[in-house]
file work.cif (mmCIF, C-alpha atoms and all ligand atoms; chains and numbers go by the auth columns)
data_work
loop_
_atom_site.group_PDB
_atom_site.id
_atom_site.type_symbol
_atom_site.label_atom_id
_atom_site.label_comp_id
_atom_site.label_asym_id
_atom_site.label_seq_id
_atom_site.Cartn_x
_atom_site.Cartn_y
_atom_site.Cartn_z
_atom_site.B_iso_or_equiv
_atom_site.auth_seq_id
_atom_site.auth_asym_id
ATOM 1 C CA MET A 1 -6.444 -21.358 1.679 0.00 42 G
ATOM 2 C CA CYS A 2 -5.036 -18.016 2.716 0.00 43 G
ATOM 3 C CA ALA A 3 -7.697 -15.531 3.723 0.00 44 G
ATOM 4 C CA CYS A 4 -5.268 -12.968 5.087 0.00 45 G
ATOM 5 C CA GLN A 5 -6.161 -9.302 4.706 0.00 46 G
ATOM 6 C CA PRO A 6 -2.914 -7.426 5.269 0.00 47 G
ATOM 7 C CA VAL A 7 -3.019 -3.746 6.172 0.00 48 G
ATOM 8 C CA SER A 8 0.198 -1.856 5.672 0.00 49 G
ATOM 9 C CA LEU A 9 1.527 -0.165 8.819 0.00 50 G
ATOM 10 C CA VAL A 10 4.957 1.012 7.703 0.00 51 G
ATOM 11 C CA GLU A 11 6.392 1.336 4.219 0.00 52 G
ATOM 12 C CA SER A 12 9.909 2.531 3.587 0.00 53 G
ATOM 13 C CA ASP A 13 12.856 1.683 1.369 0.00 54 G
ATOM 14 C CA TYR A 14 13.783 -1.669 2.841 0.00 55 G
ATOM 15 C CA ILE A 15 11.093 -2.267 5.405 0.00 56 G
ATOM 16 C CA ASN A 16 7.453 -3.071 5.143 0.00 57 G
ATOM 17 C CA ILE A 17 5.407 -3.899 8.215 0.00 58 G
ATOM 18 C CA SER A 18 1.852 -5.118 7.902 0.00 59 G
ATOM 19 C CA MET A 19 -0.853 -6.668 10.006 0.00 60 G
ATOM 20 C CA CYS A 20 -3.543 -9.100 8.953 0.00 61 G
ATOM 21 C CA LEU A 21 -7.063 -7.949 9.833 0.00 62 G
ATOM 22 C CA GLY A 22 -8.131 -11.590 9.972 0.00 63 G
ATOM 23 C CA CYS A 23 -5.578 -13.511 12.031 0.00 64 G
ATOM 24 C CA LYS A 24 -3.920 -10.380 13.548 0.00 65 G
ATOM 25 C CA ARG A 25 -0.445 -11.599 12.752 0.00 66 G
ATOM 26 C CA VAL A 26 2.215 -9.011 12.025 0.00 67 G
ATOM 27 C CA GLY A 27 4.550 -9.377 9.061 0.00 68 G
ATOM 28 C CA LEU A 28 7.964 -7.731 9.095 0.00 69 G
ATOM 29 C CA HIS A 29 9.453 -7.651 5.627 0.00 70 G
ATOM 30 C CA TYR A 30 13.066 -6.467 5.652 0.00 71 G
ATOM 31 C CA LYS A 31 14.899 -6.663 2.335 0.00 72 G
ATOM 32 C CA ASN A 32 14.476 -10.349 1.422 0.00 73 G
ATOM 33 C CA ILE A 33 13.458 -11.606 4.815 0.00 74 G
ATOM 34 C CA LEU A 34 9.882 -11.968 5.970 0.00 75 G
ATOM 35 C CA CYS A 35 9.299 -12.622 9.672 0.00 76 G
ATOM 36 C CA GLY A 36 5.891 -13.308 11.144 0.00 77 G
ATOM 37 C CA PHE A 37 4.896 -12.398 14.702 0.00 78 G
ATOM 38 C CA GLU A 38 1.910 -12.718 16.928 0.00 79 G
ATOM 39 C CA TYR A 39 0.859 -9.213 17.971 0.00 80 G
ATOM 40 C CA TYR A 40 2.312 -9.422 21.493 0.00 81 G
ATOM 41 C CA ASP A 41 5.505 -11.029 20.242 0.00 82 G
ATOM 42 C CA TYR A 42 5.963 -8.086 17.902 0.00 83 G
ATOM 43 C CA GLU A 43 5.540 -5.660 20.807 0.00 84 G
ATOM 44 C CA GLN A 44 8.116 -7.579 22.828 0.00 85 G
ATOM 45 C CA PHE A 45 10.509 -7.792 19.903 0.00 86 G
ATOM 46 C CA ASN A 46 10.216 -4.036 19.391 0.00 87 G
ATOM 47 C CA GLU A 47 10.796 -3.300 23.070 0.00 88 G
ATOM 48 C CA SER A 48 13.883 -5.486 23.223 0.00 89 G
ATOM 49 C CA VAL A 49 15.305 -3.973 20.014 0.00 90 G
ATOM 50 C CA GLN A 50 14.745 -0.430 21.338 0.00 91 G
ATOM 51 C CA ARG A 51 16.902 -1.310 24.370 0.00 92 G
ATOM 52 C CA ILE A 52 19.858 -2.287 22.193 0.00 93 G
ATOM 53 C CA SER A 53 22.516 0.354 21.739 0.00 94 G
ATOM 54 C CA PHE A 54 24.599 0.048 18.591 0.00 95 G
ATOM 55 C CA GLU A 55 27.639 1.464 20.372 0.00 96 G
ATOM 56 C CA LYS A 56 27.445 -1.116 23.145 0.00 97 G
ATOM 57 C CA HIS A 57 26.463 -4.183 21.144 0.00 98 G
ATOM 58 C CA ALA A 58 28.092 -3.877 17.734 0.00 99 G
ATOM 59 C CA THR A 59 30.921 -6.255 16.923 0.00 100 G
ATOM 60 C CA GLU A 60 33.539 -6.720 14.247 0.00 101 G
ATOM 61 C CA PHE A 61 32.005 -8.587 11.359 0.00 102 G
ATOM 62 C CA CYS A 62 34.165 -10.502 8.891 0.00 103 G
ATOM 63 C CA GLY A 63 36.518 -7.590 8.241 0.00 104 G
ATOM 64 C CA GLN A 64 33.607 -5.232 7.517 0.00 105 G
ATOM 65 C CA PRO A 65 32.546 -2.209 9.576 0.00 106 G
ATOM 66 C CA ARG A 66 30.959 -3.015 12.917 0.00 107 G
ATOM 67 C CA HIS A 67 27.513 -4.604 12.818 0.00 108 G
ATOM 68 C CA VAL A 68 24.938 -5.343 15.445 0.00 109 G
ATOM 69 C CA ILE A 69 23.485 -8.847 15.303 0.00 110 G
ATOM 70 C CA LEU A 70 19.929 -9.602 16.407 0.00 111 G
ATOM 71 C CA SER A 71 18.563 -13.023 17.164 0.00 112 G
ATOM 72 C CA THR A 72 15.269 -14.088 15.670 0.00 113 G
ATOM 73 C CA CYS A 73 12.929 -16.804 16.896 0.00 114 G
ATOM 74 C CA HIS A 74 14.917 -19.192 14.693 0.00 115 G
ATOM 75 C CA THR A 75 18.288 -19.867 16.334 0.00 116 G
ATOM 76 C CA ASP A 76 20.132 -20.212 13.016 0.00 117 G
ATOM 77 C CA ILE A 77 18.848 -16.954 11.524 0.00 118 G
ATOM 78 C CA GLN A 78 20.002 -13.526 12.670 0.00 119 G
ATOM 79 C CA PHE A 79 19.550 -9.984 11.461 0.00 120 G
ATOM 80 C CA CYS A 80 22.786 -8.117 10.880 0.00 121 G
ATOM 81 C CA PHE A 81 22.892 -4.306 10.646 0.00 122 G
ATOM 82 C CA THR A 82 25.339 -1.491 10.092 0.00 123 G
ATOM 83 C CA LYS A 83 24.893 1.571 12.280 0.00 124 G
ATOM 84 C CA THR A 84 22.719 3.387 9.720 0.00 125 G
ATOM 85 C CA GLU A 85 20.652 0.302 8.893 0.00 126 G
ATOM 86 C CA PHE A 86 20.040 -0.339 12.581 0.00 127 G
ATOM 87 C CA LYS A 87 18.909 3.247 13.165 0.00 128 G
ATOM 88 C CA PHE A 88 16.289 2.954 10.383 0.00 129 G
ATOM 89 C CA PHE A 89 15.263 -0.533 11.495 0.00 130 G
ATOM 90 C CA LYS A 90 14.636 0.684 15.049 0.00 131 G
ATOM 91 C CA GLU A 91 12.644 3.675 13.829 0.00 132 G
ATOM 92 C CA ALA A 92 10.507 1.538 11.526 0.00 133 G
ATOM 93 C CA LEU A 93 9.839 -1.061 14.241 0.00 134 G
ATOM 94 C CA ASN A 94 8.759 1.643 16.644 0.00 135 G
ATOM 95 C CA GLU A 95 6.543 3.260 14.031 0.00 136 G
ATOM 96 C CA GLY A 96 4.991 -0.170 13.416 0.00 137 G
ATOM 97 C CA ALA A 97 4.276 -0.544 17.139 0.00 138 G
ATOM 98 C CA LEU A 98 2.582 2.871 17.231 0.00 139 G
ATOM 99 C CA MET A 99 0.516 2.010 14.151 0.00 140 G
ATOM 100 C CA LEU A 100 -0.508 -1.257 15.806 0.00 141 G
ATOM 101 C CA GLU A 101 -1.783 0.764 18.761 0.00 142 G
ATOM 102 C CA VAL A 102 -3.826 2.839 16.329 0.00 143 G
ATOM 103 C CA GLN A 103 -5.201 -0.316 14.671 0.00 144 G
ATOM 104 C CA LYS A 104 -6.060 -1.662 18.108 0.00 145 G
ATOM 105 C CA ALA A 105 -8.016 1.498 18.893 0.00 146 G
ATOM 106 C CA ILE A 106 -9.809 1.438 15.512 0.00 147 G
ATOM 107 C CA THR A 107 -10.738 -2.235 15.656 0.00 148 G
ATOM 108 C CA ASN A 108 -11.534 -2.133 19.370 0.00 149 G
ATOM 109 C CA GLY A 109 -8.861 -4.519 20.570 0.00 150 G
ATOM 110 C CA LEU A 110 -6.748 -7.133 18.845 0.00 151 G
HETATM 111 ZN ZN ZN B . -4.265 -13.568 8.317 0.00 1 Q
#
call {"tool": "encode", "arguments": {"input": "work.cif", "output": "C-alpha cells"}}
result
Amino acid sequence: MCACQPVSLVESDYINISMCLGCKRVGLHYKNILCGFEYYDYEQFNESVQRISFEKHATEFCGQPRHVILSTCHTDIQFCFTKTEFKFFKEALNEGALMLEVQKAITNGL
C-alpha cells in the first residue's frame, strides 16, 4: 500500500518536482516521464546537470535543431532537450534543490 505524502517543491508548465514526507524520495515529473530519486541522488543529478553547457554538449538530432541528451539511471532512457527546454529544466532542477534544502531545515534533516 502506498502511504506516500508528496509535497510539491516546483510546479511549472512541464515540470513538477515533489518530495514524499514519508520515504523522502524525490519525484521529477517532466512531461510524460516520472523519475524517482533518493534525496542525495537528486542533489547529485542536479549538480551534474548544472555543469552541462548546452553550447558544448548539444548535438545534431535526427535532422532537428541541436539537442542536449542526458542519461538517466536507466541506460536505455535519456532526456532530450532543445536549448530553451534545457534552460527551463536546469532552472527547475535548481529550484527543486533549493526547496529541498528548505524542507530539510523545516523537518530538521532528511
Ligand atoms: Zn513515500
call {"tool": "resolve_selection", "arguments": {"input": "work.cif", "expression": "the PyMOL selection byres (((chain G and resi 130-141) around 6) and not hetatm)", "output": "PyMOL selection string"}}
result
chain G and resi 50-51+87+127-129+142-144
call {"tool": "write_last_selection", "arguments": {"input": "work.cif", "atoms": "C-alpha atoms", "output": "PDB file, keeping the file's coordinate frame"}}
result
ATOM      1  CA  LEU G  50       1.527  -0.165   8.819  1.00  0.00           C
ATOM      2  CA  VAL G  51       4.957   1.012   7.703  1.00  0.00           C
ATOM      3  CA  ASN G  87      10.216  -4.036  19.391  1.00  0.00           C
ATOM      4  CA  PHE G 127      20.040  -0.339  12.581  1.00  0.00           C
ATOM      5  CA  LYS G 128      18.909   3.247  13.165  1.00  0.00           C
ATOM      6  CA  PHE G 129      16.289   2.954  10.383  1.00  0.00           C
ATOM      7  CA  GLU G 142      -1.783   0.764  18.761  1.00  0.00           C
ATOM      8  CA  VAL G 143      -3.826   2.839  16.329  1.00  0.00           C
ATOM      9  CA  GLN G 144      -5.201  -0.316  14.671  1.00  0.00           C
TER      10      GLN G 144
END
call {"tool": "residues_near_ligand", "arguments": {"input": "work.cif", "ligand": "ligand ZN 1 (chain Q)", "cutoff": "12 Å", "atoms": "only C-alpha atoms and all ligand atoms", "output": "ChimeraX atom specification"}}
result
/G:42-48,59-68,77-80
call {"tool": "atom_distance", "arguments": {"input": "work.cif", "atom1": "atom CA of Gln105 of chain G", "atom2": "atom CA of Ser89 of chain G"}}
result
25.2 Å
call {"tool": "atom_distance", "arguments": {"input": "work.cif", "atom1": "atom CA of Asp54 of chain G", "atom2": "atom CA of Tyr71 of chain G"}}
result
9.2 Å
call {"tool": "closest_residue", "arguments": {"input": "work.cif", "among": "G:Ala146, G:Ile58, G:Gly104, G:Glu52", "to": "Ile74 of chain G", "atoms": "all atoms listed in the file"}}
result
G:Ile58
call {"tool": "closest_residue", "arguments": {"input": "work.cif", "among": "G:His70, G:Phe86, G:Ile147, G:Ala99", "to": "Thr113 of chain G", "atoms": "only C-alpha atoms"}}
result
G:Phe86
call {"tool": "residues_around", "arguments": {"input": "work.cif", "residues": "Leu111 of chain G", "least_positions_apart": "5", "cutoff": "9 Å", "atoms": "all atoms listed in the file", "output": "list in words"}}
result
Val90, Ile118, Gln119, Phe120, Cys121 and Phe122 of chain G
call {"tool": "atom_distance", "arguments": {"input": "work.cif", "atom1": "atom CA of Glu96 of chain G", "atom2": "atom CA of Lys124 of chain G"}}
result
8.5 Å
call {"tool": "closest_residue", "arguments": {"input": "work.cif", "among": "G:Phe95, G:Tyr55, G:Phe102, G:Tyr81", "to": "Lys145 of chain G", "atoms": "all atoms listed in the file"}}
result
G:Tyr81
call {"tool": "closest_residue", "arguments": {"input": "work.cif", "among": "G:Thr123, G:Ser112, G:Thr148, G:Ser53", "to": "Thr100 of chain G", "atoms": "only C-alpha atoms"}}
result
G:Thr123
call {"tool": "closest_residue", "arguments": {"input": "work.cif", "among": "G:Cys103, G:Val109, G:Ile93, G:Cys114", "to": "Cys76 of chain G", "atoms": "only C-alpha atoms"}}
result
G:Cys114
